[in-house]
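Note: the block below is coords_8.pdb and it holds PDB, C-alpha atoms, pLDDT in the B column.
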MODEL        1
ATOM      1  CA  MET Z  70     -56.607   0.981 -71.335  1.00 79.00           C
ATOM      2  CA  LEU Z  71     -56.578  -1.119 -68.171  1.00 85.00           C
ATOM      3  CA  ALA Z  72     -59.729   0.639 -66.904  1.00 90.00           C
ATOM      4  CA  SER Z  73     -61.664  -0.016 -70.124  1.00 93.00           C
ATOM      5  CA  ARG Z  74     -64.162  -2.843 -70.186  1.00 95.00           C
ATOM      6  CA  PRO Z  75     -64.329  -5.094 -73.253  1.00 96.00           C
ATOM      7  CA  THR Z  76     -67.787  -6.048 -74.476  1.00 95.00           C
ATOM      8  CA  ARG Z  77     -68.785  -8.602 -77.101  1.00 95.00           C
ATOM      9  CA  ASN Z  78     -70.288  -7.541 -80.419  1.00 93.00           C
ATOM     10  CA  GLU Z  79     -74.012  -8.167 -79.960  1.00 92.00           C
ATOM     11  CA  SER Z  80     -74.506  -9.058 -83.623  1.00 89.00           C
ATOM     12  CA  LEU Z  81     -72.316 -12.163 -83.236  1.00 92.00           C
ATOM     13  CA  ARG Z  82     -73.852 -15.404 -82.062  1.00 93.00           C
ATOM     14  CA  TRP Z  83     -71.836 -17.747 -79.865  1.00 93.00           C
ATOM     15  CA  GLU Z  84     -72.270 -20.928 -77.883  1.00 94.00           C
ATOM     16  CA  ASN Z  85     -70.301 -23.344 -75.737  1.00 92.00           C
ATOM     17  CA  ASN Z  86     -69.465 -26.630 -77.454  1.00 91.00           C
ATOM     18  CA  ASP Z  87     -69.209 -30.035 -75.747  1.00 89.00           C
ATOM     19  CA  ASN Z  88     -65.595 -29.384 -74.706  1.00 88.00           C
ATOM     20  CA  GLY Z  89     -66.474 -26.119 -72.953  1.00 89.00           C
ATOM     21  CA  GLU Z  90     -64.896 -24.071 -75.743  1.00 94.00           C
ATOM     22  CA  VAL Z  91     -66.668 -21.106 -77.302  1.00 95.00           C
ATOM     23  CA  GLN Z  92     -67.784 -21.221 -80.942  1.00 94.00           C
ATOM     24  CA  VAL Z  93     -68.454 -17.830 -82.527  1.00 94.00           C
ATOM     25  CA  SER Z  94     -70.685 -17.758 -85.618  1.00 91.00           C
ATOM     26  CA  ILE Z  95     -69.925 -15.092 -88.217  1.00 88.00           C
ATOM     27  CA  LYS Z  96     -72.379 -14.302 -90.995  1.00 87.00           C
ATOM     28  CA  ARG Z  97     -71.098 -13.403 -94.440  1.00 80.00           C
ATOM     29  CA  GLN Z  98     -71.328  -9.718 -95.297  1.00 79.00           C
ATOM     30  CA  ASP Z  99     -73.868  -8.897 -97.954  1.00 84.00           C
ATOM     31  CA  THR Z 100     -71.985  -6.366-100.074  1.00 89.00           C
ATOM     32  CA  TRP Z 101     -71.851  -6.176-103.850  1.00 90.00           C
ATOM     33  CA  LYS Z 102     -68.230  -7.376-103.828  1.00 90.00           C
ATOM     34  CA  VAL Z 103     -69.087 -10.479-101.813  1.00 85.00           C
ATOM     35  CA  ARG Z 104     -72.104 -11.236-103.997  1.00 86.00           C
ATOM     36  CA  LEU Z 105     -69.960 -10.929-107.126  1.00 90.00           C
ATOM     37  CA  LEU Z 106     -67.191 -13.143-105.732  1.00 88.00           C
ATOM     38  CA  SER Z 107     -69.721 -15.716-104.544  1.00 85.00           C
ATOM     39  CA  LYS Z 108     -70.763 -16.258-108.181  1.00 87.00           C
ATOM     40  CA  PHE Z 109     -67.243 -17.500-108.956  1.00 91.00           C
ATOM     41  CA  PHE Z 110     -66.099 -18.938-105.609  1.00 90.00           C
ATOM     42  CA  TYR Z 111     -67.852 -20.774-102.811  1.00 88.00           C
ATOM     43  CA  ILE Z 112     -68.224 -18.396 -99.889  1.00 83.00           C
ATOM     44  CA  PRO Z 113     -70.238 -19.875 -97.019  1.00 85.00           C
ATOM     45  CA  ARG Z 114     -73.060 -17.765 -95.607  1.00 86.00           C
ATOM     46  CA  GLN Z 115     -71.780 -18.447 -92.114  1.00 89.00           C
ATOM     47  CA  ARG Z 116     -68.572 -19.702 -90.584  1.00 89.00           C
ATOM     48  CA  LYS Z 117     -67.728 -20.798 -87.073  1.00 92.00           C
ATOM     49  CA  ILE Z 118     -64.565 -20.024 -85.168  1.00 92.00           C
ATOM     50  CA  THR Z 119     -63.711 -22.184 -82.164  1.00 94.00           C
ATOM     51  CA  LEU Z 120     -61.695 -20.499 -79.427  1.00 94.00           C
ATOM     52  CA  ASP Z 121     -59.247 -22.474 -77.299  1.00 94.00           C
ATOM     53  CA  GLU Z 122     -59.529 -22.763 -73.511  1.00 94.00           C
ATOM     54  CA  VAL Z 123     -57.875 -19.433 -72.690  1.00 94.00           C
ATOM     55  CA  GLY Z 124     -59.577 -17.626 -75.584  1.00 95.00           C
ATOM     56  CA  SER Z 125     -62.937 -18.971 -74.417  1.00 96.00           C
ATOM     57  CA  GLU Z 126     -62.236 -17.771 -70.883  1.00 95.00           C
ATOM     58  CA  VAL Z 127     -61.376 -14.290 -72.165  1.00 96.00           C
ATOM     59  CA  TRP Z 128     -64.490 -14.269 -74.384  1.00 96.00           C
ATOM     60  CA  ARG Z 129     -66.721 -15.025 -71.411  1.00 96.00           C
ATOM     61  CA  MET Z 130     -65.083 -12.237 -69.405  1.00 96.00           C
ATOM     62  CA  CYS Z 131     -65.782  -9.708 -72.201  1.00 96.00           C
ATOM     63  CA  ASN Z 132     -69.219  -8.885 -70.831  1.00 95.00           C
ATOM     64  CA  GLY Z 133     -68.832  -5.132 -70.365  1.00 93.00           C
ATOM     65  CA  ARG Z 134     -68.487  -5.462 -66.590  1.00 94.00           C
ATOM     66  CA  ASN Z 135     -64.889  -6.708 -66.218  1.00 95.00           C
ATOM     67  CA  SER Z 136     -62.092  -4.207 -66.723  1.00 95.00           C
ATOM     68  CA  VAL Z 137     -58.960  -5.206 -68.610  1.00 95.00           C
ATOM     69  CA  GLY Z 138     -57.007  -4.889 -65.353  1.00 95.00           C
ATOM     70  CA  ARG Z 139     -59.333  -7.314 -63.593  1.00 96.00           C
ATOM     71  CA  MET Z 140     -59.098  -9.744 -66.516  1.00 96.00           C
ATOM     72  CA  ILE Z 141     -55.297  -9.658 -66.269  1.00 96.00           C
ATOM     73  CA  GLU Z 142     -55.477 -10.497 -62.560  1.00 96.00           C
ATOM     74  CA  GLU Z 143     -57.907 -13.375 -63.104  1.00 96.00           C
ATOM     75  CA  LEU Z 144     -55.863 -14.885 -65.943  1.00 95.00           C
ATOM     76  CA  SER Z 145     -52.582 -14.596 -64.064  1.00 95.00           C
ATOM     77  CA  ASP Z 146     -54.137 -16.311 -61.021  1.00 95.00           C
ATOM     78  CA  LYS Z 147     -55.921 -19.054 -62.947  1.00 94.00           C
ATOM     79  CA  TYR Z 148     -53.068 -19.963 -65.320  1.00 93.00           C
ATOM     80  CA  GLN Z 149     -50.219 -19.168 -62.894  1.00 94.00           C
ATOM     81  CA  LEU Z 150     -48.618 -16.477 -65.074  1.00 92.00           C
ATOM     82  CA  ASN Z 151     -46.749 -13.472 -63.809  1.00 94.00           C
ATOM     83  CA  ARG Z 152     -48.671 -10.229 -64.283  1.00 94.00           C
ATOM     84  CA  LYS Z 153     -46.537  -8.979 -67.179  1.00 95.00           C
ATOM     85  CA  GLU Z 154     -46.983 -12.205 -69.191  1.00 94.00           C
ATOM     86  CA  ALA Z 155     -50.745 -12.125 -68.671  1.00 94.00           C
ATOM     87  CA  GLU Z 156     -50.900  -8.424 -69.543  1.00 95.00           C
ATOM     88  CA  VAL Z 157     -48.924  -8.694 -72.791  1.00 95.00           C
ATOM     89  CA  SER Z 158     -50.819 -11.779 -73.958  1.00 95.00           C
ATOM     90  CA  LEU Z 159     -54.247 -10.429 -73.056  1.00 96.00           C
ATOM     91  CA  LEU Z 160     -53.673  -7.006 -74.613  1.00 96.00           C
ATOM     92  CA  GLN Z 161     -52.512  -8.588 -77.869  1.00 96.00           C
ATOM     93  CA  TYR Z 162     -55.499 -10.937 -77.924  1.00 96.00           C
ATOM     94  CA  LEU Z 163     -57.960  -8.124 -77.171  1.00 96.00           C
ATOM     95  CA  LYS Z 164     -56.353  -6.030 -79.906  1.00 96.00           C
ATOM     96  CA  THR Z 165     -56.898  -8.871 -82.391  1.00 95.00           C
ATOM     97  CA  LEU Z 166     -60.528  -9.335 -81.303  1.00 95.00           C
ATOM     98  CA  GLY Z 167     -61.061  -5.578 -81.592  1.00 94.00           C
ATOM     99  CA  GLN Z 168     -59.550  -5.400 -85.079  1.00 95.00           C
ATOM    100  CA  LYS Z 169     -61.876  -8.186 -86.208  1.00 92.00           C
ATOM    101  CA  ARG Z 170     -64.789  -6.286 -84.622  1.00 92.00           C
ATOM    102  CA  PHE Z 171     -65.618  -9.167 -82.289  1.00 95.00           C
ATOM    103  CA  ILE Z 172     -65.416  -6.853 -79.266  1.00 95.00           C
ATOM    104  CA  GLY Z 173     -65.557  -3.163 -78.412  1.00 94.00           C
ATOM    105  CA  PHE Z 174     -64.383  -1.258 -75.363  1.00 93.00           C
ATOM    106  CA  VAL Z 175     -66.521   0.695 -72.904  1.00 91.00           C
ATOM    107  CA  LEU Z 176     -64.714   3.657 -71.394  1.00 88.00           C
ATOM    108  CA  GLU Z 177     -65.744   5.561 -68.280  1.00 73.00           C
ATOM    109  CA  SER Z 178     -66.402   8.708 -70.338  1.00 64.00           C
ATOM    110  CA  ASP Z 179     -68.840   6.697 -72.542  1.00 51.00           C
ATOM    111  CA  GLU Z 180     -71.125   6.173 -69.562  1.00 50.00           C
ATOM    112  CA  LYS Z 181     -71.968   9.843 -68.952  1.00 48.00           C
ATOM    113  CA  PRO Z 182     -75.548  10.771 -69.803  1.00 44.00           C
ATOM    114  CA  PRO Z 183     -75.955  12.867 -72.976  1.00 45.00           C
ATOM    115  CA  GLY Z 184     -75.507  16.574 -72.416  1.00 43.00           C
ATOM    116  CA  ARG Z 185     -73.236  16.124 -69.401  1.00 43.00           C
ATOM    117  CA  GLY Z 186     -69.603  17.162 -69.562  1.00 41.00           C
ATOM    118  CA  ALA Z 187     -69.343  17.516 -73.335  1.00 41.00           C
ATOM    119  CA  ALA Z 188     -70.472  20.418 -75.462  1.00 37.00           C
ATOM    120  CA  SER Z 189     -72.779  19.656 -78.362  1.00 36.00           C
ATOM    121  CA  GLY Z 190     -71.951  20.763 -81.869  1.00 37.00           C
ATOM    122  CA  LYS Z 191     -74.522  23.606 -81.670  1.00 37.00           C
ATOM    123  CA  LYS Z 192     -72.971  25.069 -78.521  1.00 37.00           C
ATOM    124  CA  TRP Z 193     -69.527  24.854 -80.067  1.00 33.00           C
ATOM    125  CA  GLN Z 194     -70.742  26.563 -83.254  1.00 37.00           C
ATOM    126  CA  LYS Z 195     -72.403  29.361 -81.249  1.00 37.00           C
ATOM    127  CA  LYS Z 196     -69.205  29.963 -79.308  1.00 37.00           C
ATOM    128  CA  GLN Z 197     -67.187  29.909 -82.520  1.00 38.00           C
ATOM    129  CA  THR Z 198     -69.610  32.292 -84.268  1.00 40.00           C
ATOM    130  CA  GLY Z 199     -69.681  34.601 -81.267  1.00 43.00           C
ATOM    131  CA  ALA Z 200     -65.885  34.752 -81.186  1.00 43.00           C
ATOM    132  CA  SER Z 201     -65.598  35.803 -84.809  1.00 41.00           C
ATOM    133  CA  ASN Z 202     -68.024  38.805 -84.467  1.00 39.00           C
TER     134      ASN Z 202
ENDMDL
END
Produce structure tokens that represent the structure in this file.
Amino acid sequence: MLASRPTRNESLRWENNDNGEVQVSIKRQDTWKVRLLSKFFYIPRQRKITLDEVGSEVWRMCNGRNSVGRMIEELSDKYQLNRKEAEVSLLQYLKTLGQKRFIGFVLESDEKPPGRGAASGKKWQKKQTGASN
């Protein structure tokens, strides 16, 4: 987990406000359930979420280049936290952002070119078929 690199969801739009905080814009989903509910209740087409100072700092670091371990070090240095406090807080925050699909995680194994190190379904099926004959 500490070697993974969080990356922002590219479909979300965000900007820095006047206070240096990040505002994330979320568009309403266009599903039949939402369309039905919007006939009875007001559901805005877009909503904005403003992140606090630390949340904004974490959001900016979620660029796909910083590992979780590096983010922990930077937060503990900047906000004068011990490593364990920074780790627990950051992991919980990243988990929340991940559950809301604001971020994803790039793993080292995700970076391998296709066809390298992992068997395709066809190769696996051939091996399976060959074993049963």
For the PyMOL selection byres ((chain Z and resi 127) around 9), applied here, can you spell out every residue it catches as a JSON list (two decimals) with C-alpha atoms, in the coordinates of the input?
[["chain", "number", "residue", "atom", "x", "y", "z"],
["Z", 122, "GLU", "CA", -59.53, -22.76, -73.51],
["Z", 123, "VAL", "CA", -57.88, -19.43, -72.69],
["Z", 124, "GLY", "CA", -59.58, -17.63, -75.58],
["Z", 125, "SER", "CA", -62.94, -18.97, -74.42],
["Z", 126, "GLU", "CA", -62.24, -17.77, -70.88],
["Z", 128, "TRP", "CA", -64.49, -14.27, -74.38],
["Z", 129, "ARG", "CA", -66.72, -15.02, -71.41],
["Z", 130, "MET", "CA", -65.08, -12.24, -69.40],
["Z", 131, "CYS", "CA", -65.78, -9.71, -72.20],
["Z", 140, "MET", "CA", -59.10, -9.74, -66.52],
["Z", 144, "LEU", "CA", -55.86, -14.88, -65.94],
["Z", 159, "LEU", "CA", -54.25, -10.43, -73.06],
["Z", 162, "TYR", "CA", -55.50, -10.94, -77.92],
["Z", 163, "LEU", "CA", -57.96, -8.12, -77.17]]
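Minimum atom-to-atom distances from Z:Ile118, Z:Val91, Z:Leu176, Z:Leu160 to Z:Arg134 were compared using only C-alpha atoms, and the lowest value belongs to Z:Leu176.
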Where does the PyMOL selection byres ((chain Z and resi 75) around 6) land in this file, that is, which residues does it pick, as a PyMOL selection string?
chain Z and resi 74+76+131+133+173-174
Quick one: of Z:Val137, Z:Leu81, Z:Val103, Z:Ile172, who's nearest to Z:Arg116, counting all atoms listed in the file?
Z:Leu81
Nearest to Z:Thr119 by atom-to-atom distance, counting only C-alpha atoms, from Z:Ser136, Z:Asn85, Z:Thr100, Z:Glu143
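Closest residue, counting only C-alpha atoms: Z:Asn85.
Computed from the coordinates, the atom CA of Z:Arg104 to atom CA of Z:Trp83 distance equals 25.0 Å.
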Could you check how far atom CA of Z:Asp87 sits from atom CA of Z:Arg114, in Å to one decimal?
23.7 Å
What's the separation between atom CA of Z:Asn132 and atom CA of Z:Glu79, in Å to one decimal place?
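Separation between atom CA of Z:Asn132 and atom CA of Z:Glu79: 10.3 Å.
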For this file, the PyMOL selection byres ((chain Z and resi 71) around 6) selects which residues, as a ChimeraX atom specification?
/Z:70,72-73,137-138
